[in-house]
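S.K.: I have a structure I would like to understand better, so I am pasting it below and will then ask my questions one at a time.
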Amino acid sequence: EEIFELYVNNTDFGSGYRGIYQAAMGYFGKEPLQLTDYESAMLAGIPNAPSVYSPDISKELAYHRVQKVLESMVDNQVITQKQADEI
């Protein structure tokens, strides 16, 4: 948990946002605990390639990345396909 916390608080989320708090506030105007599941999935996908998956760069690519994140969560049995479809 400590390693994950360090990671999300120091990761580049694109558009000049470093860390989960700045990204949540910058992209969605919300603190991290207020994010929807969809918004959380979007933020989870951005660090892989912030210059590509930032919703400020391409809403379409950001959407497709969310789908990949949800697919991975289903494949790893973190959520069900039904839950992914609802998100």
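A note on labels: chains of the structure tokens are A, B, ... as shown, every chain counts residues from 1, and ligands are counted from 1 in their shown order.
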Give me, as a VMD selection string, the residues of chain A that a backbone DSSP run labels alpha helix (DSSP H).

M.R.: chain A and resid 2 to 10 20 to 28 37 to 45 50 to 53 59 to 75 81 to 86

S.K.: Within 12 Å of Gln22 (chain A), counting only C-alpha atoms, which residues show up once you throw out same-chain ones fewer than 5 positions away? Write them as a PyMOL selection string, please.

M.R.: chain A and resi 8-17+27-32+43

S.K.: What is the CA of Lys68 (chain A)-CA of Glu1 (chain A) distance in Å, reported with one decimal?

M.R.: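 CA of Glu1 (chain A) lies 23.4 Å from CA of Lys68 (chain A).
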
S.K.: Just to confirm, what's the straight-line distance from CA of Thr80 (chain A) to CA of Gln34 (chain A) in Å (one decimal)?

M.R.: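 Those two atoms sit 22.1 Å apart.
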
S.K.: Take CA of Ala49 (chain A) and CA of Ile79 (chain A) and report the distance between them in Å, one decimal.

M.R.: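 One can read the CA of Ala49 (chain A) to CA of Ile79 (chain A) distance as 23.8 Å.
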
S.K.: Would you pick out the contacts of region 70-72 of chain A at 12 Å or less, using only C-alpha atoms, so that residues sharing its chain but fewer than 3 positions from it are not included, and give the list as a list of chain:residue names?

M.R.: A:Asp37, A:Tyr38, A:Glu39, A:Ser40, A:Ala41, A:Met42, A:Leu43, A:Ala44, A:Gly45, A:Tyr63, A:His64, A:Arg65, A:Val66, A:Gln67, A:Asp75, A:Asn76, A:Gln77, A:Val78, A:Ile79, A:Thr80, A:Gln81, A:Lys82, A:Gln83, A:Ala84, A:Asp85, A:Glu86, A:Ile87

S.K.: Can those selected residues be exported to a file as a PDB file, in the first residue's frame so that it contains C-alpha atoms?

M.R.:
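The result, stored in out25.pdb:
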```pdb
ATOM      1  CA  ASP A  37     -15.669   4.550 -11.024  1.00  0.00           C
ATOM      2  CA  TYR A  38     -15.413   5.753 -14.625  1.00  0.00           C
ATOM      3  CA  GLU A  39     -13.273   8.742 -13.657  1.00  0.00           C
ATOM      4  CA  SER A  40     -11.062   6.503 -11.526  1.00  0.00           C
ATOM      5  CA  ALA A  41     -10.616   4.071 -14.414  1.00  0.00           C
ATOM      6  CA  MET A  42      -9.668   6.973 -16.669  1.00  0.00           C
ATOM      7  CA  LEU A  43      -7.031   8.189 -14.244  1.00  0.00           C
ATOM      8  CA  ALA A  44      -5.725   4.627 -13.853  1.00  0.00           C
ATOM      9  CA  GLY A  45      -5.078   4.454 -17.592  1.00  0.00           C
ATOM     10  CA  TYR A  63     -12.283   6.586 -23.583  1.00  0.00           C
ATOM     11  CA  HIS A  64     -10.630   3.615 -25.310  1.00  0.00           C
ATOM     12  CA  ARG A  65      -8.038   3.445 -22.536  1.00  0.00           C
ATOM     13  CA  VAL A  66     -10.821   3.325 -19.925  1.00  0.00           C
ATOM     14  CA  GLN A  67     -12.233   0.342 -21.790  1.00  0.00           C
ATOM     15  CA  ASP A  75      -9.717 -10.395 -16.739  1.00  0.00           C
ATOM     16  CA  ASN A  76      -8.069 -10.202 -13.305  1.00  0.00           C
ATOM     17  CA  GLN A  77     -11.398 -10.805 -11.550  1.00  0.00           C
ATOM     18  CA  VAL A  78     -11.357  -7.464  -9.743  1.00  0.00           C
ATOM     19  CA  ILE A  79     -14.817  -6.651 -11.113  1.00  0.00           C
ATOM     20  CA  THR A  80     -17.402  -8.599 -13.100  1.00  0.00           C
ATOM     21  CA  GLN A  81     -18.248  -7.969 -16.738  1.00  0.00           C
ATOM     22  CA  LYS A  82     -21.625  -6.672 -15.593  1.00  0.00           C
ATOM     23  CA  GLN A  83     -19.917  -4.123 -13.327  1.00  0.00           C
ATOM     24  CA  ALA A  84     -17.616  -3.069 -16.166  1.00  0.00           C
ATOM     25  CA  ASP A  85     -20.601  -2.604 -18.460  1.00  0.00           C
ATOM     26  CA  GLU A  86     -22.328  -0.450 -15.847  1.00  0.00           C
ATOM     27  CA  ILE A  87     -19.242   1.727 -15.439  1.00  0.00           C
TER      28      ILE A  87
END
```

S.K.: I'd like to know which of A:Met25, A:Ala62, A:Val74, A:Leu6 is closest to Ile46 (chain A), using only C-alpha atoms.

M.R.: A:Ala62
